[in-house]
Every structure is written in C-alpha cells, then in structure tokens.
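This is start-v8.cif (mmCIF, C-alpha atoms).
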data_my_file
loop_
_atom_site.label_atom_id
_atom_site.label_comp_id
_atom_site.auth_asym_id
_atom_site.auth_seq_id
_atom_site.Cartn_x
_atom_site.Cartn_y
_atom_site.Cartn_z
CA MET F 1 121.65 92.48 111.47
CA ASN F 2 125.18 93.63 110.77
CA LYS F 3 125.58 90.96 108.15
CA LEU F 4 122.42 92.10 106.44
CA PHE F 5 123.75 95.63 106.23
CA THR F 6 127.03 94.64 104.64
CA LYS F 7 125.33 92.31 102.19
CA LYS F 8 122.57 94.62 101.09
CA SER F 9 124.37 97.93 101.44
CA SER F 10 123.97 98.76 97.75
CA ILE F 11 120.22 98.18 97.87
CA ILE F 12 119.89 100.19 101.09
CA CYS F 13 121.73 103.08 99.45
CA PHE F 14 119.43 102.73 96.45
CA ILE F 15 116.41 103.30 98.67
CA PHE F 16 117.91 106.52 99.94
CA ILE F 17 118.29 108.12 96.49
CA PRO F 18 114.63 109.19 96.11
CA ILE F 19 114.65 110.48 99.68
CA ILE F 20 117.66 112.69 99.11
CA PHE F 21 116.19 113.70 95.76
CA LEU F 22 113.05 114.89 97.58
CA TRP F 23 114.91 116.38 100.51
CA HIS F 24 116.72 118.75 98.15
CA PRO F 25 119.04 120.33 100.72
CA ASN F 26 119.44 123.96 99.74
CA TRP F 27 122.77 124.49 101.47
CA ILE F 28 124.47 122.11 99.04
CA GLY F 29 122.93 123.69 95.97
CA PHE F 30 124.39 126.30 93.66
CA LEU F 31 122.12 128.83 91.93
CA GLY F 32 119.24 126.76 93.29
CA VAL F 33 120.43 123.69 91.38
CA GLN F 34 121.33 120.40 93.03
CA PRO F 35 123.91 117.79 92.05
CA TYR F 36 122.34 114.96 90.09
CA TRP F 37 122.03 112.48 92.95
CA PRO F 38 121.17 109.21 91.13
CA LEU F 39 124.51 109.22 89.26
CA PHE F 40 126.47 108.95 92.50
CA TRP F 41 124.88 105.59 93.11
CA LEU F 42 124.68 104.44 89.50
CA LEU F 43 128.40 104.89 88.79
CA PRO F 44 129.79 102.48 91.43
CA TRP F 45 126.94 100.04 90.86
CA SER F 46 127.54 99.82 87.11
CA MET F 47 131.32 99.75 87.49
CA ILE F 48 131.06 96.68 89.69
CA ASN F 49 128.11 94.88 88.12
CA GLY F 50 128.51 95.65 84.42
CA SER F 51 126.50 97.26 81.64
CA ILE F 52 123.40 95.07 81.79
CA ASN F 53 122.87 95.72 85.48
CA GLY F 54 123.58 99.39 84.87
CA LEU F 55 120.91 99.51 82.20
CA ILE F 56 118.32 97.76 84.37
CA PHE F 57 118.94 99.90 87.43
CA GLY F 58 119.14 103.05 85.31
CA LEU F 59 115.64 102.20 84.14
CA PHE F 60 114.46 101.55 87.71
CA LEU F 61 115.95 104.81 88.95
CA GLY F 62 114.39 106.69 86.08
CA LEU F 63 110.98 105.20 86.81
CA ILE F 64 111.16 106.08 90.51
CA LEU F 65 112.44 109.62 89.97
CA ASP F 66 109.89 110.27 87.22
CA SER F 67 107.13 109.30 89.61
CA LEU F 68 108.44 111.81 92.15
CA THR F 69 108.53 114.75 89.76
CA LEU F 70 105.36 116.11 88.32
CA ASP F 71 106.44 116.72 84.75
CA ASN F 72 104.40 114.13 82.93
CA ASN F 73 105.75 115.04 79.51
CA PHE F 74 109.44 114.69 80.21
CA THR F 75 111.35 111.70 81.47
CA GLN F 76 114.79 111.08 82.94
CA ILE F 77 114.86 107.43 81.86
CA PRO F 78 116.87 107.74 78.58
CA GLY F 79 119.66 109.68 80.25
CA LEU F 80 119.95 107.29 83.17
CA ILE F 81 119.87 104.19 80.96
CA LEU F 82 122.58 105.59 78.73
CA CYS F 83 124.68 106.50 81.76
CA GLY F 84 124.18 103.01 83.21
CA ILE F 85 125.43 101.37 80.00
CA LEU F 86 128.39 103.73 79.64
CA PHE F 87 129.43 103.42 83.27
CA GLY F 88 129.31 99.64 83.01
CA ARG F 89 132.02 99.70 80.34
CA ILE F 90 134.49 101.50 82.58
CA LYS F 91 137.09 99.27 84.19
CA LEU F 92 137.91 99.46 87.86
CA HIS F 93 141.14 101.29 88.49
CA SER F 94 143.61 100.37 91.16
CA HIS F 95 145.24 103.75 91.59
CA ILE F 96 143.27 105.54 94.34
CA LEU F 97 144.10 109.18 93.55
CA VAL F 98 143.48 108.84 89.82
CA GLY F 99 140.26 107.05 90.71
CA HIS F 100 138.93 109.99 92.72
CA PHE F 101 139.41 112.48 89.90
CA ARG F 102 138.16 110.03 87.32
CA HIS F 103 134.90 109.60 89.24
CA GLY F 104 134.42 113.36 89.23
CA LEU F 105 134.97 113.62 85.51
CA ILE F 106 132.80 110.66 84.62
CA CYS F 107 129.95 111.86 86.82
CA SER F 108 130.02 115.37 85.38
CA PHE F 109 129.98 113.89 81.89
CA GLY F 110 127.03 111.71 82.89
CA SER F 111 125.09 114.63 84.34
CA PHE F 112 125.82 116.63 81.19
CA LEU F 113 124.37 113.78 79.16
CA CYS F 114 121.25 113.48 81.31
CA GLY F 115 120.76 117.26 81.41
CA THR F 116 121.10 117.57 77.66
CA LEU F 117 118.67 114.73 76.98
CA TYR F 118 116.15 116.30 79.36
CA PHE F 119 116.61 119.71 77.77
CA LEU F 120 116.16 118.24 74.28
CA GLN F 121 112.81 116.82 75.36
CA ILE F 122 111.67 120.22 76.64
CA LEU F 123 112.96 121.89 73.47
CA PHE F 124 111.25 119.33 71.25
CA LYS F 125 107.91 119.75 72.99
CA ASN F 126 107.98 123.55 73.01
CA PHE F 127 109.50 123.88 69.58
CA SER F 128 106.54 125.75 68.20
CA ASP F 129 106.24 128.59 70.69
CA GLY F 130 109.19 130.76 71.66
CA SER F 131 111.69 128.05 72.47
CA PHE F 132 114.53 130.56 72.65
CA LEU F 133 113.08 131.78 75.96
CA LEU F 134 113.81 128.41 77.51
CA PHE F 135 117.36 128.34 76.32
CA ILE F 136 119.19 130.44 78.90
CA PRO F 137 117.74 129.03 82.15
CA SER F 138 118.17 125.48 80.81
CA LEU F 139 121.78 126.10 79.92
CA LYS F 140 122.34 127.51 83.40
CA ASN F 141 120.72 124.41 84.90
CA ILE F 142 122.91 122.05 82.92
CA LEU F 143 126.15 123.85 83.69
CA ALA F 144 125.42 124.21 87.42
CA GLU F 145 124.43 120.56 87.60
CA VAL F 146 127.58 119.41 85.80
CA PHE F 147 129.75 121.51 88.09
CA LEU F 148 128.10 120.31 91.31
CA THR F 149 128.01 116.67 90.29
CA GLY F 150 131.67 116.75 89.38
CA LEU F 151 132.48 118.43 92.67
CA PHE F 152 130.74 115.91 94.92
CA ALA F 153 131.35 112.73 92.97
CA PRO F 154 134.94 112.11 94.19
CA PHE F 155 133.74 112.14 97.81
CA ILE F 156 130.56 110.13 97.48
CA CYS F 157 131.34 107.73 94.62
CA SER F 158 134.63 106.56 96.07
CA GLN F 159 133.00 105.80 99.41
CA LEU F 160 130.12 103.95 97.80
CA LEU F 161 132.49 102.02 95.54
CA MET F 162 134.46 100.87 98.55
CA ILE F 163 131.32 99.81 100.42
CA PHE F 164 129.90 97.93 97.42
CA LYS F 165 133.19 96.18 96.70
CA PHE F 166 133.44 95.16 100.30
CA SER F 167 129.92 93.74 100.39
CA LYS F 168 130.47 91.85 97.15
CA ARG F 169 133.69 90.28 98.40
CA LYS F 170 131.84 89.17 101.53
CA LEU F 171 129.15 87.54 99.43
CA GLN F 172 131.54 85.45 97.38
CA MET A 1 155.11 172.63 161.96
CA LEU A 2 151.50 173.22 162.64
CA ASP A 3 151.64 176.58 160.94
CA VAL A 4 153.16 175.18 157.80
CA ARG A 5 150.43 172.64 157.42
CA ARG A 6 147.85 175.29 157.96
CA ILE A 7 149.30 177.39 155.19
CA SER A 8 149.41 174.47 152.85
CA THR A 9 145.75 173.58 153.45
CA SER A 10 144.70 177.08 152.75
CA ARG A 11 145.79 176.99 149.09
CA TRP A 12 142.84 177.29 146.76
CA TRP A 13 143.53 174.04 144.93
CA HIS A 14 143.24 172.20 148.20
CA LYS A 15 139.63 173.19 148.55
CA LYS A 16 137.06 170.83 147.15
CA LYS A 17 134.65 173.66 146.60
CA SER A 18 136.84 175.48 144.13
CA TRP A 19 137.36 172.32 142.06
CA PHE A 20 133.62 171.85 142.02
CA PHE A 21 133.08 175.31 140.66
CA LEU A 22 135.87 174.84 138.16
CA GLY A 23 134.12 171.68 136.94
CA ILE A 24 130.88 173.54 136.47
CA PHE A 25 132.73 176.32 134.65
CA VAL A 26 134.41 173.89 132.25
CA PHE A 27 131.09 172.20 131.64
CA LEU A 28 129.45 175.54 130.86
CA VAL A 29 132.29 176.41 128.51
CA PHE A 30 131.72 173.11 126.76
CA VAL A 31 128.02 173.88 126.54
CA ARG A 32 128.80 177.29 125.10
CA ILE A 33 131.25 175.95 122.55
CA SER A 34 128.92 173.18 121.45
CA LYS A 35 126.18 175.81 121.17
CA GLY A 36 123.93 173.99 123.60
CA SER A 37 123.62 170.83 121.52
CA PHE A 38 123.80 168.71 124.64
CA TYR A 39 120.91 170.60 126.16
CA LYS A 40 118.88 170.35 123.03
CA ASP A 41 119.39 166.61 122.77
CA PHE A 42 118.47 166.20 126.40
CA TYR A 43 115.37 168.26 125.86
CA TYR A 44 114.52 166.12 122.84
CA PHE A 45 114.28 162.99 124.99
CA ILE A 46 112.53 164.72 127.89
CA SER A 47 109.86 166.32 125.74
CA LYS A 48 109.29 163.34 123.43
CA PRO A 49 106.08 162.10 125.09
CA PHE A 50 104.54 165.55 124.85
CA TRP A 51 105.03 166.22 121.18
CA PRO A 52 101.84 167.16 119.44
CA GLY A 53 102.83 165.64 116.07
CA GLN A 54 103.49 162.17 117.32
CA PHE A 55 100.23 161.69 119.09
CA GLN A 56 98.26 163.28 116.31
CA LYS A 57 99.95 161.04 113.76
CA GLU A 58 98.99 157.91 115.66
CA VAL A 59 95.37 158.98 115.92
CA ILE A 60 95.22 159.82 112.24
CA LEU A 61 96.90 156.56 111.19
CA LYS A 62 94.51 154.58 113.33
CA SER A 63 91.50 156.25 111.84
CA ILE A 64 92.89 155.77 108.32
CA ASP A 65 93.32 152.10 109.10
CA GLN A 66 89.76 151.86 110.33
CA GLU A 67 88.48 153.74 107.33
CA SER A 68 90.23 151.46 104.85
CA LEU A 69 89.10 148.38 106.73
CA ILE A 70 85.49 149.50 106.57
CA LYS A 71 85.88 150.44 102.92
CA LEU A 72 87.42 147.05 102.17
CA ASN A 73 84.54 145.25 103.82
CA LEU A 74 82.00 147.36 101.97
CA LEU A 75 83.74 146.76 98.67
CA LYS A 76 83.97 143.04 99.33
CA LYS A 77 80.24 142.93 100.01
CA ASP A 78 79.54 145.03 96.97
CA ASN A 79 81.78 142.86 94.83
CA ARG A 80 80.06 139.70 95.97
CA ARG A 81 76.63 141.19 95.28
CA LEU A 82 77.64 142.33 91.80
CA ARG A 83 79.19 138.97 91.03
CA GLU A 84 75.97 137.31 92.07
CA ILE A 85 73.99 139.59 89.80
CA LEU A 86 76.29 138.82 86.87
CA SER A 87 76.29 135.17 87.95
CA LEU A 88 80.08 135.12 87.88
CA GLN A 89 82.24 132.74 89.77
CA GLU A 90 82.33 133.20 93.55
CA SER A 91 85.63 134.68 94.70
CA SER A 92 85.36 134.25 98.44
CA SER A 93 85.77 130.74 99.69
CA LYS A 94 85.77 129.61 103.28
CA ASP A 95 87.54 126.31 102.67
CA LYS A 96 91.16 126.98 103.41
CA ILE A 97 93.61 124.36 104.57
CA SER A 98 96.92 125.39 106.09
CA ALA A 99 99.87 123.20 105.18
CA ALA A 100 103.62 123.15 105.65
CA VAL A 101 106.14 122.74 102.85
CA ILE A 102 108.04 119.48 103.42
CA SER A 103 109.99 119.25 100.17
CA ARG A 104 110.99 122.05 97.91
CA LYS A 105 112.43 122.01 94.42
CA THR A 106 112.61 125.58 93.27
CA GLY A 107 115.76 125.50 91.16
CA GLY A 108 116.91 123.30 88.35
CA TRP A 109 114.65 121.26 86.09
CA TRP A 110 111.85 120.50 88.47
CA ARG A 111 109.79 123.21 90.09
CA GLN A 112 107.47 121.75 92.65
CA ILE A 113 106.78 121.76 96.37
CA ILE A 114 105.32 118.98 98.47
CA LEU A 115 102.90 119.81 101.28
CA ASN A 116 102.09 117.86 104.41
CA LYS A 117 98.34 117.68 103.77
CA GLY A 118 96.91 115.09 101.42
CA SER A 119 93.68 113.49 100.33
CA LYS A 120 93.08 112.51 103.96
CA ASP A 121 92.63 116.20 104.78
CA GLY A 122 90.43 116.82 101.78
CA VAL A 123 92.96 118.22 99.33
CA GLU A 124 91.97 117.56 95.74
CA ILE A 125 93.79 117.75 92.44
CA GLY A 126 93.36 121.22 90.98
CA ASN A 127 93.16 123.06 94.30
CA ILE A 128 94.85 126.45 94.42
CA VAL A 129 97.88 126.97 96.65
CA LEU A 130 98.46 130.45 98.08
CA GLY A 131 101.47 131.75 99.98
CA PRO A 132 102.05 135.05 101.70
CA GLY A 133 101.99 137.44 98.73
CA GLY A 134 99.77 135.57 96.36
CA LEU A 135 99.47 132.58 94.08
CA LEU A 136 102.09 129.81 94.24
CA GLY A 137 100.66 127.09 92.05
CA ARG A 138 98.12 124.30 91.70
CA VAL A 139 97.90 120.91 93.32
CA ASN A 140 98.88 118.42 90.66
CA ASP A 141 98.91 115.19 92.57
CA THR A 142 97.77 113.98 95.99
CA SER A 143 98.73 110.99 98.07
CA LEU A 144 97.13 110.00 101.36
CA PHE A 145 99.28 112.32 103.46
CA THR A 146 100.97 114.65 100.97
CA SER A 147 100.13 116.74 97.95
CA SER A 148 102.47 117.91 95.19
CA VAL A 149 102.15 121.39 93.82
CA THR A 150 103.25 122.53 90.37
CA LEU A 151 104.64 126.04 90.82
CA ILE A 152 103.79 128.80 88.36
CA THR A 153 107.47 128.89 87.42
CA SER A 154 107.35 125.29 86.14
CA PRO A 155 107.40 124.81 82.35
CA GLU A 156 104.26 122.71 82.80
CA SER A 157 102.24 125.62 84.12
CA LYS A 158 100.02 127.73 81.86
CA LEU A 159 97.46 130.08 83.42
CA GLY A 160 95.09 132.80 82.27
CA VAL A 161 95.85 136.13 83.95
CA TRP A 162 94.49 139.66 83.97
CA VAL A 163 96.45 142.90 83.68
CA ASP A 164 94.29 145.35 85.56
CA ARG A 165 95.67 148.70 84.36
CA ILE A 166 95.09 148.05 80.67
CA GLN A 167 92.17 145.65 81.19
CA ILE A 168 93.49 142.82 79.10
CA ASN A 169 93.73 139.05 79.43
CA GLY A 170 97.03 137.26 78.96
CA LEU A 171 98.66 133.89 79.35
CA LEU A 172 101.22 133.24 82.08
CA VAL A 173 103.69 130.54 81.02
CA GLY A 174 106.40 129.12 83.27
CA LEU A 175 109.82 128.88 81.68
CA GLY A 176 111.81 126.98 84.27
CA ASP A 177 113.46 130.05 85.75
CA ASP A 178 112.27 132.39 88.51
CA PHE A 179 110.46 134.77 86.18
CA PRO A 180 107.48 133.30 84.33
CA SER A 181 106.57 134.90 81.03
CA LEU A 182 103.36 136.82 80.34
CA ILE A 183 102.14 136.54 76.77
CA LEU A 184 99.66 139.09 75.45
CA TYR A 185 98.10 138.25 72.10
CA SER A 186 97.82 141.80 70.88
CA GLN A 187 100.56 143.85 69.35
CA ASP A 188 99.49 147.26 70.64
CA ALA A 189 98.91 146.33 74.27
CA ASP A 190 100.32 149.21 76.30
CA ILE A 191 102.02 147.15 79.00
CA LYS A 192 104.56 148.85 81.28
CA VAL A 193 107.10 147.77 83.88
CA GLY A 194 105.37 147.77 87.27
CA ASP A 195 101.93 146.73 86.03
CA PHE A 196 100.09 144.47 88.41
CA VAL A 197 99.05 140.99 87.29
CA SER A 198 96.29 139.02 88.97
CA SER A 199 94.34 135.90 88.13
CA SER A 200 91.86 136.38 85.34
CA PRO A 201 88.09 136.56 85.88
CA ALA A 202 87.77 134.48 82.74
CA SER A 203 90.07 131.69 83.90
CA THR A 204 88.58 128.27 84.44
CA LEU A 205 91.44 127.11 86.65
CA LEU A 206 91.66 129.92 89.19
CA PRO A 207 89.25 132.03 91.19
CA PRO A 208 89.44 135.69 90.15
CA ASN A 209 91.47 138.47 91.76
CA ILE A 210 94.30 136.48 93.30
CA PRO A 211 97.46 138.59 93.20
CA ILE A 212 100.22 136.97 91.16
CA GLY A 213 103.01 139.39 90.34
CA ILE A 214 104.38 142.57 88.87
CA VAL A 215 105.76 143.14 85.37
CA HIS A 216 109.53 143.02 85.72
CA SER A 217 110.75 143.62 82.17
CA ILE A 218 109.26 143.68 78.69
CA ASP A 219 110.69 141.64 75.85
CA LYS A 220 110.65 142.45 72.17
CA THR A 221 107.40 142.20 70.25
CA LEU A 222 107.29 139.05 68.20
CA LYS A 223 104.81 137.87 65.60
CA SER A 224 101.83 139.93 66.80
CA ARG A 225 102.29 139.22 70.45
CA LYS A 226 104.01 140.83 73.40
CA THR A 227 105.87 138.99 76.12
CA ALA A 228 106.96 140.26 79.52
CA LYS A 229 108.76 138.78 82.49
CA ILE A 230 106.79 138.67 85.73
CA LEU A 231 108.24 139.08 89.20
CA LEU A 232 106.19 136.88 91.50
CA LEU A 233 104.82 138.30 94.74
CA ALA A 234 104.95 134.98 96.58
CA LYS A 235 108.48 133.60 96.77
CA PRO A 236 108.36 129.77 96.66
CA GLN A 237 112.01 129.39 97.62
CA VAL A 238 111.49 130.84 101.11
CA ILE A 239 107.87 130.11 102.01
CA ASP A 240 107.34 127.49 104.71
CA TRP A 241 103.60 127.68 105.29
CA VAL A 242 100.97 127.86 102.60
CA GLN A 243 97.20 127.77 102.29
CA ILE A 244 95.34 125.39 100.06
CA LEU A 245 92.21 126.95 98.67
CA LYS A 246 89.38 124.64 97.78
CA VAL A 247 87.30 126.07 94.98
CA ASN A 248 84.51 124.52 93.06
CA ILE A 249 84.80 125.46 89.44
#
Show me this structure written as structure tokens.
Amino acid sequence: MNKLFTKKSSIICFIFIPIIFLWHPNWIGFLGVQPYWPLFWLLPWSMINGSINGLIFGLFLGLILDSLTLDNNFTQIPGLILCGILFGRIKLHSHILVGHFRHGLICSFGSFLCGTLYFLQILFKNFSDGSFLLFIPSLKNILAEVFLTGLFAPFICSQLLMIFKFSKRKLQ
Amino acid sequence: MLDVRRISTSRWWHKKKSWFFLGIFVFLVFVRISKGSFYKDFYYFISKPFWPGQFQKEVILKSIDQESLIKLNLLKKDNRRLREILSLQESSSKDKISAAVISRKTGGWWRQIILNKGSKDGVEIGNIVLGPGGLLGRVNDTSLFTSSVTLITSPESKLGVWVDRIQINGLLVGLGDDFPSLILYSQDADIKVGDFVSSSPASTLLPPNIPIGIVHSIDKTLKSRKTAKILLLAKPQVIDWVQILKVNI
C-alpha cells in the first residue's frame, strides 16, 4: 500500500484538484477569490515530465474543471494548455531558496495568463452589449487571483515537486 | 482601672448605634446630593411590570400582527382568484424541497452553488432556488445526488424582472460581481435608488412576485436604455439552507 502511494502520488494529488476546486475554502480566499488551484499541481508535473505531458494534463485538467463549472460558453482549457507547455520548458533548479520564489513568480504569471484568457472569452462574447460593465470586477478577479496564487505557490509547489521527484526516482 | 474602662466605653464613637445613624445620615446626604436618582432608578425597576404603556403596546402589536396576517391571507386568496380569472401563471406552489449548500463559489469567475439534493429527490433543471430573502438562482444541472445552481450574479444569468413602483419590466443581467445590473429599455423610466425589484409576471423562467432586490445605484443613461445596480436580498455567500421550488411553466 505504501509503495502504491509513493509511486502514484502525482496521480493521487491530481484527483484532489477538482475536490479542492469545489470545496472552495473561504478562509483562504481574498475578496471572495481563490488561488488558481490547478496550477499548483501543473507546475511541478510539467517541470518534471516536460512540455508534452504538461500539454496533455493541462487539457485533462481543463476538461475536468470545465465540467464542474456551469459556464458552458467559456472554457479554461486554452489557459491551462498554454501554462502546461510553458511550465514544461522551465529547467529544474538546484538552489532551494531561489526555487521557492521562482515557483511563486511562475505560478502568478500562469494564473495571470489563465485569467486573461478567460476574461478575453467573456469580453469577446459580450462585446455587443455594455462590455465596459464587466471590466472592473474581472480586473479585480485577475489581480486577486494572481496575488493569491503567487502567495501560496512557494509552499505547495515546492512540497509537490519534492514528492513527485521522490516517486519518480523510486520508479527508475 | 475599672472606672477608666467604663469611661472609655462611654464615648459616642464606641457605640454601634451612633455609627448606624451616621451611616443613614451619610446615605441620606448622598440621596439629597444626587437628587434622588438612586430612588428613581430603584422605582423604575420595581414599577416596571405595572407600566400601562408596556402592556398596552404588546396588546396592540399582537393585534396588528393578527390583522396583517389575516389581511395577507385574504390578499393571497384574492390574488389567486384573480390570477385564475386572468388565466395567469399560478404563483403558489406546494412543491418545495429543502436543501443544504455543499459547495459555494460566490467570488471570482464562477458563481454557482451546489446543493445536496439531486434528481433522486425530484430536482429538475430549471427549478427555482430561493434563500432567506428571495431569489438565489436557477438549477442549471442535476446529478443523482446533487444539483448545481447558477446564481443571479453569474454572467450567464439573464432574467426578466418587474419594478413595482413604476410598473415596468426590465432585464436583470449578472456581471460577475455582487451587484447584478438591471437594464430598462426606455430612456424616461423614472427609476430611483431604493426601488423594489421582483420577478416579472411576464417571465417564462420564474413564477411571479418573488422578491429579488433593491436598486442600489443608477448608472448613466446609454443609447436609449437605463441601467442600475441591484442589491440582492438573499446573500448567496452566507446562506447555508435553501429551498428548491418546483414550478411547472
């Protein structure tokens, strides 16, 4: 049983993303906005397994999260795929302290990318009627999300990266 | 020796009685200086049960309550009868399902709540979800055990509403923040802050006369239409229990 956990830890963590996405714990949030949870998993996964895997699992994550949210017109898939590809091109760094801060920065950049792509979809769809009304709350959403994601990424990503690395070394 | 002691005991400050009287005197001086406020306060608490106003007020309030309850029932009956005559949609529905909120996304991009009653309990897509205060949203998707509700604040939500004071229909559009926008397609609609917004009798999605919100602020008039921000009566970010209303439209 223990062996199974160390081997499949990345997949087990993957299963928990939709759950935490649904759970939406309010005490972590800021202005009612949550950190963008899928990126915390996607960053270590892509860094270890490369761009192609990042792309595939970005697509999977997007599909799952889209099925959980009700907005049929908008999708999170493009943002997550792009993040998966970009994260895959980042090299693993040996310096621990630099690594922590780097994770924070990369994750906030990723969430900015995803937020902007999502916002562009909303803007594009509502272009005809009073799109300026949507502008302020959306901007607030993006900024709060970027801030929160950057804040939590050093804690979560580094841990996950360590776990994934460990499980991969065991496999080889 | 004995005599000395006798003399000493006969001093006035050795008598308990004189101290007692002194105490009373000081107390009375205090009462005098404070102009009897202590007495008055004491009297206030003693006489409280016998006040005429209090008792009268309770009786009057109770009868007002009864009066408005009877009036409400009469009006409800009247309303139903008139609606039947006009063959309008029925507003009273007995099919209510109570449900708890198990997941809540009220900030950020997605505005939805998930309830713990699903198709197993008879919830259908399009059912109305009410919270304490008024309308919350509509059921958008059901699974066997859960149902997902699109809140009125979601950018996906568009509903027909009725502004009662100026007797006009409008469109309530969610914007993705806490204040959905009311759009009135007439330039000279005399809408004011504080106007009450309820669901429209003409709406095909909602039963009529469900309270929704109050006009919070009015935006600039644009291209022959007026928009206003609505403060919702039901607060989705704090509500834990809701009612699902099954209506046949």
Item to check | Result set, the PyMOL selection byres ((chain F) within 9 of (chain A)) on current file, as a ChimeraX atom specification | outcome: /F:22-26,29,31-34,69-73,115,118-119,122,133-134,136-138,140-142,144-145
Quick one: which residues end up in the PyMOL selection byres ((chain F and resi 18) around 12) for this structure, as a short mmCIF file (atom, residue, chain, number, x, y, z; two decimals) with C-alpha atoms, keeping the file's coordinate frame?
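That gives us out38.cif:
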data_model
loop_
_atom_site.label_atom_id
_atom_site.label_comp_id
_atom_site.auth_asym_id
_atom_site.auth_seq_id
_atom_site.Cartn_x
_atom_site.Cartn_y
_atom_site.Cartn_z
CA ILE F 12 119.89 100.19 101.09
CA CYS F 13 121.73 103.08 99.45
CA PHE F 14 119.43 102.73 96.45
CA ILE F 15 116.41 103.30 98.67
CA PHE F 16 117.91 106.52 99.94
CA ILE F 17 118.29 108.12 96.49
CA ILE F 19 114.65 110.48 99.68
CA ILE F 20 117.66 112.69 99.11
CA PHE F 21 116.19 113.70 95.76
CA LEU F 22 113.05 114.89 97.58
CA TRP F 23 114.91 116.38 100.51
CA HIS F 24 116.72 118.75 98.15
CA TYR F 36 122.34 114.96 90.09
CA TRP F 37 122.03 112.48 92.95
CA PRO F 38 121.17 109.21 91.13
CA TRP F 41 124.88 105.59 93.11
CA PHE F 60 114.46 101.55 87.71
CA LEU F 61 115.95 104.81 88.95
CA GLY F 62 114.39 106.69 86.08
CA LEU F 63 110.98 105.20 86.81
CA ILE F 64 111.16 106.08 90.51
CA LEU F 65 112.44 109.62 89.97
CA ASP F 66 109.89 110.27 87.22
CA SER F 67 107.13 109.30 89.61
CA LEU F 68 108.44 111.81 92.15
CA THR F 69 108.53 114.75 89.76
CA SER A 103 109.99 119.25 100.17
#
So which residues get picked by the PyMOL selection byres ((chain F and resi 146) around 8) here, written as a PDB file with C-alpha atoms, in the frame of the given file?
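Everything below was put into part.pdb:
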ATOM      1  CA  PRO F  35     123.910 117.790  92.050  1.00  0.00           C
ATOM      2  CA  CYS F 107     129.950 111.860  86.820  1.00  0.00           C
ATOM      3  CA  SER F 108     130.020 115.370  85.380  1.00  0.00           C
ATOM      4  CA  PHE F 109     129.980 113.890  81.890  1.00  0.00           C
ATOM      5  CA  SER F 111     125.090 114.630  84.340  1.00  0.00           C
ATOM      6  CA  PHE F 112     125.820 116.630  81.190  1.00  0.00           C
ATOM      7  CA  ILE F 142     122.910 122.050  82.920  1.00  0.00           C
ATOM      8  CA  LEU F 143     126.150 123.850  83.690  1.00  0.00           C
ATOM      9  CA  ALA F 144     125.420 124.210  87.420  1.00  0.00           C
ATOM     10  CA  GLU F 145     124.430 120.560  87.600  1.00  0.00           C
ATOM     11  CA  PHE F 147     129.750 121.510  88.090  1.00  0.00           C
ATOM     12  CA  LEU F 148     128.100 120.310  91.310  1.00  0.00           C
ATOM     13  CA  THR F 149     128.010 116.670  90.290  1.00  0.00           C
ATOM     14  CA  GLY F 150     131.670 116.750  89.380  1.00  0.00           C
TER      15      GLY F 150
END
Checklist entry - By how many Å are atom CA of A:Asp78 and atom CA of A:Ile64 apart? => result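 Those two atoms sit 20.6 Å apart.
We find atom CA of A:Asn209 and atom CA of A:Asn127 to be spaced 15.7 Å apart.
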Item to check | Atomic separation - atom CA of A:Leu245 relative to atom CA of A:Asp121, Å | outcome: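 Spanning atom CA of A:Asp121 to atom CA of A:Leu245 is a straight-line distance of 12.4 Å.
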Stretch 150-168 of chain F: axis-aligned bounding box, 6 Å on each side, centre and edge lengths in Å, one decimal, as JSON:
{"center_x": 132.4, "center_y": 105.1, "center_z": 94.9, "size_x": 17.0, "size_y": 38.6, "size_z": 23.0}
Next on the checklist: Residues within 12 Å of (90.2, 138.2, 77.5), file coordinates, counting all atoms listed in the file: what are they? Give the list as a VMD selection string.
Outcome noted: chain A and resid 160 to 164 166 to 171 184 to 186 199 to 203
Checklist entry - Quick one: of F:Cys83, F:Ala153, F:Ile28, F:Ile163, who's nearest to F:His103, counting only C-alpha atoms? => result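 Of the candidates, the smallest distance to F:His103 is held by F:Ala153.
Near F:Trp45, within a cut-off of 10 Å and counting all atoms listed in the file, sit the residues Ser10, Ile11, Phe14, Leu39, Ser51, Asn53, Gly54, Phe57, Gly84, Phe87, Gly88, Cys157, Leu160, Leu161, Phe164 and Lys165 of chain F, with same-chain residues fewer than 6 positions away left out.
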